[in-house]
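Engineer: Compact mmCIF, C-alpha atoms, saved as model_36.txt, coming up:
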```txt
# COMPACT_ATOMS: atom_id res chain seq x y z
CA MET W 700 4.94 -26.63 56.61
CA PRO W 701 6.74 -26.62 53.24
CA ASP W 702 10.22 -25.10 53.05
CA SER W 703 10.31 -21.41 52.22
CA ALA W 704 11.03 -20.64 48.58
CA PRO W 705 14.45 -19.11 47.90
CA PRO W 706 14.52 -15.35 47.31
CA ALA W 707 13.68 -14.44 43.72
CA GLY W 708 16.13 -12.66 41.48
CA MET W 709 19.78 -11.71 41.99
CA ARG W 710 21.34 -9.19 44.33
CA LEU W 711 21.61 -5.86 42.52
CA GLN W 712 25.27 -5.30 43.36
CA LYS W 713 26.14 -8.67 41.84
CA VAL W 714 24.18 -7.85 38.69
CA LEU W 715 26.08 -4.57 38.37
CA ALA W 716 29.45 -6.22 38.95
CA GLN W 717 28.78 -8.99 36.45
CA SER W 718 27.80 -6.34 33.92
CA GLY W 719 31.26 -4.81 34.23
CA VAL W 720 30.31 -1.63 36.09
CA ALA W 721 32.90 -2.13 38.84
CA SER W 722 33.86 -4.52 41.60
CA ARG W 723 31.01 -5.66 43.81
CA ARG W 724 32.21 -3.51 46.71
CA LYS W 725 32.34 -0.41 44.48
CA CYS W 726 28.85 -1.20 43.17
CA GLU W 727 27.59 -1.29 46.76
CA THR W 728 29.03 2.20 47.23
CA LEU W 729 27.28 3.41 44.08
CA MET W 730 23.99 2.10 45.44
CA ALA W 731 24.50 3.64 48.88
CA ASP W 732 25.21 6.97 47.18
CA GLY W 733 21.86 6.82 45.37
CA ARG W 734 23.39 6.54 41.91
CA VAL W 735 21.65 3.31 40.84
CA GLU W 736 18.12 3.04 39.45
CA VAL W 737 16.09 -0.04 38.62
CA ASN W 738 12.98 0.47 36.53
CA GLY W 739 13.04 4.18 37.35
CA GLU W 740 13.39 3.76 41.13
CA VAL W 741 16.55 4.68 43.05
CA ILE W 742 17.75 1.58 44.94
CA THR W 743 19.98 2.01 47.99
CA ARG W 744 19.18 -1.18 49.92
CA LEU W 745 22.05 -3.67 49.52
CA GLY W 746 19.77 -6.67 49.91
CA ALA W 747 17.61 -5.63 46.93
CA ARG W 748 17.15 -8.33 44.29
CA VAL W 749 16.29 -7.90 40.65
CA ASP W 750 15.38 -10.12 37.74
CA PRO W 751 18.28 -9.73 35.28
CA SER W 752 16.09 -10.78 32.37
CA THR W 753 13.64 -7.87 32.77
CA ALA W 754 15.26 -5.14 34.91
CA ILE W 755 16.17 -1.79 33.33
CA VAL W 756 19.23 -0.68 35.28
CA ARG W 757 20.85 2.75 35.14
CA VAL W 758 23.93 4.17 36.88
CA ASP W 759 24.13 7.97 36.95
CA GLY W 760 21.28 7.95 34.41
CA VAL W 761 23.16 5.76 31.93
CA ARG W 762 21.53 2.46 30.90
CA ILE W 763 23.59 -0.58 31.89
CA PRO W 764 23.08 -3.67 29.72
CA VAL W 765 22.58 -6.38 32.35
CA ALA W 766 24.74 -9.47 31.87
CA GLN W 767 22.62 -12.59 31.60
CA SER W 768 25.37 -15.01 30.69
CA HIS W 769 29.14 -15.06 30.94
CA VAL W 770 31.97 -16.34 28.85
CA TYR W 771 35.44 -17.21 30.08
CA LEU W 772 38.10 -17.51 27.42
CA VAL W 773 41.80 -18.29 27.13
CA ALA W 774 43.66 -16.62 24.28
CA HIS W 775 47.19 -17.20 23.05
CA LYS W 776 48.26 -13.62 22.39
CA PRO W 777 50.91 -13.53 19.65
CA ARG W 778 53.88 -11.21 19.77
CA GLY W 779 53.05 -7.87 18.16
CA VAL W 780 49.46 -7.81 19.46
CA VAL W 781 48.73 -5.15 22.09
CA SER W 782 46.92 -6.16 25.29
CA THR W 783 43.91 -3.91 24.78
CA MET W 784 40.49 -4.47 23.26
CA SER W 785 41.01 -1.56 20.83
CA ASP W 786 43.98 0.50 19.72
CA ASP W 787 43.76 4.06 18.38
CA GLY W 788 47.05 3.59 16.57
CA GLY W 789 45.69 0.84 14.37
CA ARG W 790 47.87 -1.90 15.82
CA LEU W 791 46.57 -5.44 16.14
CA ASP W 792 44.69 -5.80 19.45
CA LEU W 793 42.94 -8.56 21.34
CA ARG W 794 39.68 -7.91 19.52
CA SER W 795 41.43 -9.11 16.35
CA LEU W 796 41.52 -12.58 17.93
CA LEU W 797 37.76 -12.54 18.58
CA ARG W 798 36.22 -11.98 15.17
CA ASP W 799 33.29 -14.30 15.85
CA ARG W 800 32.50 -13.07 19.38
CA GLU W 801 29.89 -10.37 19.94
CA GLU W 802 30.17 -10.06 23.73
CA ARG W 803 31.78 -7.04 25.40
CA LEU W 804 34.86 -8.71 26.87
CA PHE W 805 37.48 -7.63 29.38
CA HIS W 806 41.09 -8.76 29.32
CA VAL W 807 42.48 -9.81 32.70
CA GLY W 808 45.88 -8.21 33.14
CA ARG W 809 48.29 -7.47 30.34
CA LEU W 810 51.21 -8.86 28.42
CA ASP W 811 53.90 -6.70 26.82
CA THR W 812 53.43 -6.27 23.09
CA ASP W 813 56.60 -8.30 22.41
CA THR W 814 55.57 -11.06 24.84
CA ASP W 815 53.30 -13.87 23.69
CA GLY W 816 51.23 -16.30 25.69
CA LEU W 817 48.21 -16.84 27.85
CA ILE W 818 45.69 -14.10 28.57
CA VAL W 819 42.18 -14.48 30.00
CA LEU W 820 39.14 -12.75 28.48
CA THR W 821 35.70 -12.61 30.05
CA ASN W 822 32.49 -10.61 30.28
CA ASP W 823 32.24 -11.26 34.04
CA GLY W 824 33.37 -7.99 35.61
CA GLU W 825 33.66 -9.25 39.18
CA PHE W 826 35.65 -12.27 38.08
CA ALA W 827 37.99 -10.08 36.01
CA HIS W 828 38.50 -7.67 38.92
CA ARG W 829 39.35 -10.42 41.38
CA LEU W 830 41.55 -12.41 39.04
CA ALA W 831 43.64 -9.30 38.33
CA HIS W 832 43.77 -8.09 41.94
CA PRO W 833 47.17 -8.55 43.67
CA SER W 834 45.54 -9.75 46.89
CA TYR W 835 44.65 -13.09 45.27
CA GLN W 836 48.22 -13.60 44.06
CA LEU W 837 47.65 -16.25 41.44
CA PRO W 838 51.00 -17.66 40.27
CA LYS W 839 52.02 -16.96 36.68
CA THR W 840 54.41 -19.19 34.76
CA TYR W 841 56.79 -17.85 32.11
CA VAL W 842 59.26 -19.46 29.74
CA ALA W 843 62.10 -17.18 28.65
CA GLU W 844 64.89 -17.51 26.13
CA VAL W 845 67.76 -15.49 27.52
CA GLU W 846 71.25 -14.40 26.55
CA GLY W 847 74.19 -16.37 27.85
CA VAL W 848 74.80 -19.70 29.52
CA VAL W 849 72.71 -20.02 32.68
CA LYS W 850 74.65 -21.82 35.39
CA PRO W 851 72.81 -24.12 37.84
CA LYS W 852 73.86 -21.87 40.74
CA LEU W 853 71.66 -19.08 39.35
CA ARG W 854 68.62 -20.93 40.72
CA ALA W 855 69.59 -20.21 44.31
CA GLU W 856 70.16 -16.53 43.49
CA VAL W 857 66.81 -16.13 41.75
CA LEU W 858 64.90 -18.01 44.44
CA GLY W 859 66.29 -15.58 46.99
CA VAL W 860 65.27 -11.94 46.96
CA VAL W 861 66.44 -10.02 43.88
CA LEU W 862 66.59 -6.26 44.32
CA LEU W 863 65.30 -4.12 41.46
CA GLU W 864 65.09 -0.34 41.20
CA ASP W 865 61.47 -0.36 42.41
CA GLY W 866 61.97 -2.86 45.21
CA PRO W 867 62.65 -6.54 45.84
CA VAL W 868 61.08 -9.35 43.84
CA SER W 869 60.61 -12.98 44.82
CA VAL W 870 60.38 -16.00 42.53
CA ASP W 871 58.42 -19.10 43.56
CA GLU W 872 60.01 -21.61 41.20
CA PHE W 873 62.89 -21.56 38.72
CA ARG W 874 64.06 -24.24 36.27
CA LEU W 875 66.78 -24.36 33.65
CA LEU W 876 65.20 -26.10 30.65
CA SER W 877 68.11 -26.02 28.22
CA THR W 878 71.31 -24.18 27.41
CA SER W 879 73.72 -23.75 24.51
CA LYS W 880 76.90 -21.78 23.85
CA SER W 881 75.16 -18.41 23.78
CA ARG W 882 71.55 -18.85 24.88
CA SER W 883 69.49 -20.61 27.54
CA ILE W 884 65.82 -21.36 28.15
CA VAL W 885 64.43 -21.02 31.67
CA GLU W 886 61.03 -21.37 33.31
CA LEU W 887 59.96 -19.34 36.33
CA VAL W 888 56.82 -18.97 38.42
CA ILE W 889 56.11 -15.58 39.94
CA HIS W 890 53.22 -13.79 41.67
CA GLU W 891 54.40 -10.29 40.84
CA GLY W 892 52.50 -8.08 38.41
CA ARG W 893 54.77 -5.07 38.08
CA ASN W 894 55.59 -3.75 34.61
CA HIS W 895 58.20 -5.80 32.73
CA ILE W 896 58.99 -7.62 35.97
CA VAL W 897 60.27 -10.85 34.38
CA ARG W 898 62.42 -9.05 31.83
CA ARG W 899 63.87 -6.74 34.48
CA LEU W 900 64.49 -9.61 36.88
CA LEU W 901 66.39 -11.72 34.37
CA ALA W 902 68.37 -8.76 33.03
CA GLY W 903 69.23 -7.91 36.63
CA VAL W 904 70.90 -11.31 37.13
CA GLY W 905 72.87 -10.99 33.91
CA HIS W 906 70.62 -12.73 31.36
CA PRO W 907 68.62 -10.29 29.20
CA VAL W 908 65.48 -11.78 27.69
CA LEU W 909 65.42 -12.53 23.97
CA ARG W 910 61.93 -14.03 23.91
CA LEU W 911 59.26 -14.40 26.57
CA SER W 912 56.03 -16.37 26.81
CA ARG W 913 53.46 -16.74 29.61
CA THR W 914 52.44 -20.37 29.72
CA ALA W 915 50.11 -20.53 32.75
CA ILE W 916 48.02 -18.52 35.19
CA GLY W 917 47.19 -20.56 38.26
CA PRO W 918 45.61 -23.80 37.02
CA ILE W 919 45.14 -22.56 33.45
CA ARG W 920 47.80 -23.77 31.04
CA LEU W 921 48.42 -22.65 27.50
CA GLY W 922 49.19 -26.19 26.35
CA PRO W 923 48.98 -26.75 22.60
CA LEU W 924 46.90 -23.61 21.93
CA LYS W 925 48.50 -21.94 18.90
CA PRO W 926 49.29 -18.20 18.68
CA GLY W 927 46.13 -16.29 17.78
CA ALA W 928 43.81 -19.11 18.88
CA VAL W 929 41.11 -18.85 21.56
CA ARG W 930 39.33 -21.49 23.62
CA GLU W 931 36.83 -21.54 26.47
CA LEU W 932 37.91 -22.35 29.99
CA THR W 933 37.08 -25.88 30.98
CA ALA W 934 34.62 -26.41 33.82
CA ALA W 935 37.45 -27.66 36.02
CA GLU W 936 39.64 -24.63 35.29
CA LEU W 937 36.80 -22.22 35.94
CA GLY W 938 35.75 -23.95 39.14
CA THR W 939 39.30 -23.82 40.49
CA LEU W 940 39.65 -20.15 39.60
CA LEU W 941 36.33 -19.22 41.18
CA ASP W 942 37.47 -20.90 44.39
CA ALA W 943 40.84 -19.14 44.18
CA VAL W 944 39.24 -15.69 43.97
CA GLY W 945 36.55 -16.35 46.55
CA MET W 946 33.50 -16.28 44.29
```
For the file at hand, write its structure as structure tokens.
Structural biologist:
Amino acid sequence: MPDSAPPAGMRLQKVLAQSGVASRRKCETLMADGRVEVNGEVITRLGARVDPSTAIVRVDGVRIPVAQSHVYLVAHKPRGVVSTMSDDGGRLDLRSLLRDREERLFHVGRLDTDTDGLIVLTNDGEFAHRLAHPSYQLPKTYVAEVEGVVKPKLRAEVLGVVLLEDGPVSVDEFRLLSTSKSRSIVELVIHEGRNHIVRRLLAGVGHPVLRLSRTAIGPIRLGPLKPGAVRELTAAELGTLLDAVGM
């Protein structure tokens, strides 16, 4: 007998997650609670599959545009740009970097307004949720210009546990790149995602930050991408990230 044909369509909870409704687990809860309709029928069965190209999907009666394709972008956020897709105060936001893109995109994590560097943008809701979630702990690399002359012995202090007001912080890697009479440049790799964590860490060891840039998230590196520029993730970068977040 011929092999059975694979099931048609895509699991509904995956369609919802990829459309940015919520994480896949939360979408399963929405379905179980009877809050999801497909073509006018309430769907509670988690194994239900739909055709994303034709299904009319609603959550709590609101039509959900079903994602049929995804984009995965790297942006070099300049200093002075806020890490939001819109800003009521009229400040420059991430949308200002995407003038030629029509997709509804999510930014993965944030950078302080006065910090420049790498930020990921995508229309894949599940991917964005996982990439930002602390449980996956993707390392983030920063380069900081700091006040004062950094001594080589600081490396051992930073690679230990540094106590901040909201708890200890650990650094995975630390390098002194250069130093002068009044300033130094250091590179550090950290998993933490707390607010202003790099600035607070370096100030806590006596070297307040003058300028800060995020140069990598996991395997994605900023490289020669200029401030304000955007590029698509390479296939290799995306494949590595998908593995890293269990997708």
Engineer: Pick out the residues sitting within 8 Å of Ala943 (chain W), and hand them over as a PyMOL selection string; count only C-alpha atoms, and ignore anything fewer than 4 positions along from it in its own chain.
Structural biologist: chain W and resi 835+837+939
Engineer: Go ahead and dump the residues you just picked, C-alpha atoms, as a PDB file, in the coordinates of the input.
Structural biologist:
```
ATOM      1  CA  TYR W 835      44.650 -13.090  45.270  1.00  0.00           C
ATOM      2  CA  LEU W 837      47.650 -16.250  41.440  1.00  0.00           C
ATOM      3  CA  THR W 939      39.300 -23.820  40.490  1.00  0.00           C
TER       4      THR W 939
END
```
Engineer: Kindly indicate which residue among W:Val758, W:Val904, W:Val807, W:Met709 lies nearest to Asp732 (chain W), using all atoms listed in the file for the distances.
Structural biologist: W:Val758
Engineer: Can you pull out the residues contacting Leu941 (chain W)? Cut-off 12 Å, using all atoms listed in the file, and skip same-chain residues under 6 positions away; I want them as a list in words.
Structural biologist: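 Residues near the query, excluding close chain neighbours: Tyr771, Asp823, Glu825, Phe826, Ala827, His828, Arg829, Leu830, Tyr835, Leu837, Gly917, Pro918, Leu932, Ala934 and Ala935 of chain W.
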Engineer: Given the choices W:Leu924, W:Val848, W:Leu876, W:Ala843, which gets closest to Leu909 (chain W) if the distance is worked out from only C-alpha atoms?
Structural biologist: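 Result for the nearest residue to Leu909 (chain W): W:Ala843.
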Engineer: Compare W:Val845, W:Leu900, W:Leu863, W:Leu937 by their minimum atom-to-atom distance to Val770 (chain W), counting only C-alpha atoms, and give me the closest one.
Structural biologist: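 Answer, going by the shortest atom-to-atom distance: W:Leu937.
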Engineer: How big is the axis-aligned box around all listed atoms of region 705-716 of chain W once 8 Å goes on each side, and where's its centre, in Å to one decimal, as AutoDock Vina command-line options?
Structural biologist:
```
--center_x 21.6 --center_y -11.8 --center_z 43.1 --size_x 31.8 --size_y 30.5 --size_z 25.5
```
Engineer: Could you please determine the separation between CA of Glu740 (chain W) and CA of Thr728 (chain W) in Å, to one decimal place?
Structural biologist: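 According to the coordinates, CA of Glu740 (chain W) and CA of Thr728 (chain W) are separated by 16.9 Å.
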Engineer: Would you list the contacts of region 792-803 of chain W as JSON, numbers by chain, taking every protein, DNA or RNA residue within 10 Å and counting all atoms listed in the file, but skipping same-chain residues closer than 5 positions in sequence?
Structural biologist: {"W": [718, 719, 766, 768, 769, 770, 774, 775, 776, 777, 779, 780, 781, 782, 783, 784, 785, 786, 787, 812, 818, 820, 821, 822, 823, 926, 927, 928, 929]}
Engineer: For a test of reading the model, state the distance in Å between CA of Gln712 (chain W) and CA of Arg757 (chain W), rounded to one decimal.
Structural biologist: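 Straight-line distance from CA of Gln712 (chain W) to CA of Arg757 (chain W) works out to 12.3 Å.
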Engineer: Would you please work out which residue, of W:His806, W:Ile916, W:Asn894, W:Asp759, is nearest to Gly733 (chain W) when using only C-alpha atoms?
Structural biologist: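 Using only C-alpha atoms, Gly733 (chain W) sits closest to W:Asp759.
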Engineer: For region 748-857 of chain W of the block above, can you save C-alpha atoms as an mmCIF file, in the first residue's frame?
Structural biologist:
```cif
data_model
loop_
_atom_site.group_PDB
_atom_site.id
_atom_site.type_symbol
_atom_site.label_atom_id
_atom_site.label_comp_id
_atom_site.auth_asym_id
_atom_site.auth_seq_id
_atom_site.Cartn_x
_atom_site.Cartn_y
_atom_site.Cartn_z
ATOM 1 C CA ARG W 748 -5.377 21.877 11.321
ATOM 2 C CA VAL W 749 -6.262 24.765 9.060
ATOM 3 C CA ASP W 750 -5.219 26.043 5.669
ATOM 4 C CA PRO W 751 -3.555 29.419 6.384
ATOM 5 C CA SER W 752 -4.240 30.606 2.851
ATOM 6 C CA THR W 753 -8.033 30.350 3.172
ATOM 7 C CA ALA W 754 -8.992 30.186 6.876
ATOM 8 C CA ILE W 755 -10.864 33.093 8.480
ATOM 9 C CA VAL W 756 -9.641 33.073 12.070
ATOM 10 C CA ARG W 757 -11.106 35.082 14.945
ATOM 11 C CA VAL W 758 -10.095 35.360 18.616
ATOM 12 C CA ASP W 759 -12.787 36.759 20.912
ATOM 13 C CA GLY W 760 -14.670 37.746 17.751
ATOM 14 C CA VAL W 761 -11.782 39.798 16.352
ATOM 15 C CA ARG W 762 -10.421 38.817 12.924
ATOM 16 C CA ILE W 763 -6.789 37.704 13.037
ATOM 17 C CA PRO W 764 -4.830 38.209 9.805
ATOM 18 C CA VAL W 765 -3.158 34.813 9.386
ATOM 19 C CA ALA W 766 0.584 34.960 8.739
ATOM 20 C CA GLN W 767 1.482 33.203 5.512
ATOM 21 C CA SER W 768 5.125 34.189 5.380
ATOM 22 C CA HIS W 769 7.684 35.463 7.847
ATOM 23 C CA VAL W 770 10.538 37.894 7.774
ATOM 24 C CA TYR W 771 13.508 37.919 10.117
ATOM 25 C CA LEU W 772 15.518 41.116 10.177
ATOM 26 C CA VAL W 773 18.571 42.546 11.904
ATOM 27 C CA ALA W 774 18.586 46.299 12.471
ATOM 28 C CA HIS W 775 21.382 48.533 13.698
ATOM 29 C CA LYS W 776 19.450 50.812 16.027
ATOM 30 C CA PRO W 777 21.159 54.208 16.263
ATOM 31 C CA ARG W 778 21.425 56.136 19.491
ATOM 32 C CA GLY W 779 18.396 58.367 19.982
ATOM 33 C CA VAL W 780 15.942 55.864 18.476
ATOM 34 C CA VAL W 781 13.468 54.325 20.930
ATOM 35 C CA SER W 782 13.004 50.541 20.946
ATOM 36 C CA THR W 783 9.320 50.583 20.058
ATOM 37 C CA MET W 784 7.442 50.296 16.781
ATOM 38 C CA SER W 785 5.641 53.609 17.435
ATOM 39 C CA ASP W 786 6.099 56.476 19.856
ATOM 40 C CA ASP W 787 3.320 58.807 21.006
ATOM 41 C CA GLY W 788 5.877 61.473 21.827
ATOM 42 C CA GLY W 789 7.012 61.786 18.236
ATOM 43 C CA ARG W 790 10.502 60.441 18.841
ATOM 44 C CA LEU W 791 12.253 58.367 16.207
ATOM 45 C CA ASP W 792 11.258 54.705 16.613
ATOM 46 C CA LEU W 793 12.124 51.409 14.980
ATOM 47 C CA ARG W 794 9.467 51.885 12.323
ATOM 48 C CA SER W 795 11.535 54.814 11.033
ATOM 49 C CA LEU W 796 14.172 52.262 9.993
ATOM 50 C CA LEU W 797 11.625 50.227 8.002
ATOM 51 C CA ARG W 798 10.183 52.687 5.522
ATOM 52 C CA ASP W 799 9.946 50.107 2.742
ATOM 53 C CA ARG W 800 8.489 47.264 4.845
ATOM 54 C CA GLU W 801 4.731 46.729 5.029
ATOM 55 C CA GLU W 802 4.679 43.760 7.427
ATOM 56 C CA ARG W 803 3.516 44.092 11.033
ATOM 57 C CA LEU W 804 6.816 43.474 12.813
ATOM 58 C CA PHE W 805 7.758 42.800 16.419
ATOM 59 C CA HIS W 806 11.018 43.877 18.010
ATOM 60 C CA VAL W 807 12.719 41.204 20.106
ATOM 61 C CA GLY W 808 13.805 42.766 23.379
ATOM 62 C CA ARG W 809 14.875 46.357 23.792
ATOM 63 C CA LEU W 810 17.874 48.636 23.805
ATOM 64 C CA ASP W 811 18.075 51.835 25.840
ATOM 65 C CA THR W 812 17.454 54.950 23.779
ATOM 66 C CA ASP W 813 21.080 56.046 24.263
ATOM 67 C CA THR W 814 22.435 52.588 23.367
ATOM 68 C CA ASP W 815 23.007 51.631 19.743
ATOM 69 C CA GLY W 816 23.417 48.250 18.158
ATOM 70 C CA LEU W 817 21.788 45.021 17.122
ATOM 71 C CA ILE W 818 18.066 44.412 17.477
ATOM 72 C CA VAL W 819 15.995 41.665 15.832
ATOM 73 C CA LEU W 820 12.676 42.363 14.085
ATOM 74 C CA THR W 821 10.265 39.713 12.855
ATOM 75 C CA ASN W 822 6.632 38.968 12.097
ATOM 76 C CA ASP W 823 6.932 35.471 13.597
ATOM 77 C CA GLY W 824 5.256 35.785 16.995
ATOM 78 C CA GLU W 825 6.375 32.429 18.387
ATOM 79 C CA PHE W 826 9.960 33.054 17.345
ATOM 80 C CA ALA W 827 9.902 36.523 18.924
ATOM 81 C CA HIS W 828 8.452 35.158 22.169
ATOM 82 C CA ARG W 829 11.049 32.426 22.483
ATOM 83 C CA LEU W 830 14.008 34.551 21.479
ATOM 84 C CA ALA W 831 13.097 37.110 24.155
ATOM 85 C CA HIS W 832 12.284 34.556 26.868
ATOM 86 C CA PRO W 833 14.891 34.294 29.666
ATOM 87 C CA SER W 834 14.685 30.486 29.704
ATOM 88 C CA TYR W 835 16.577 30.289 26.395
ATOM 89 C CA GLN W 836 19.348 32.552 27.695
ATOM 90 C CA LEU W 837 20.942 33.568 24.425
ATOM 91 C CA PRO W 838 24.229 35.376 25.102
ATOM 92 C CA LYS W 839 24.409 39.061 24.202
ATOM 93 C CA THR W 840 27.672 40.825 23.405
ATOM 94 C CA TYR W 841 28.277 44.486 24.223
ATOM 95 C CA VAL W 842 31.131 46.890 23.588
ATOM 96 C CA ALA W 843 31.346 49.759 26.066
ATOM 97 C CA GLU W 844 33.466 52.882 26.270
ATOM 98 C CA VAL W 845 33.885 53.583 29.956
ATOM 99 C CA GLU W 846 35.415 56.187 32.232
ATOM 100 C CA GLY W 847 38.843 55.553 33.667
ATOM 101 C CA VAL W 848 41.720 53.182 33.076
ATOM 102 C CA VAL W 849 40.549 49.568 33.287
ATOM 103 C CA LYS W 850 43.173 47.403 34.948
ATOM 104 C CA PRO W 851 43.650 43.778 33.817
ATOM 105 C CA LYS W 852 42.677 42.570 37.305
ATOM 106 C CA LEU W 853 39.128 43.866 36.750
ATOM 107 C CA ARG W 854 38.465 40.835 34.540
ATOM 108 C CA ALA W 855 38.565 38.459 37.488
ATOM 109 C CA GLU W 856 36.220 40.708 39.482
ATOM 110 C CA VAL W 857 33.686 40.984 36.665
#
```
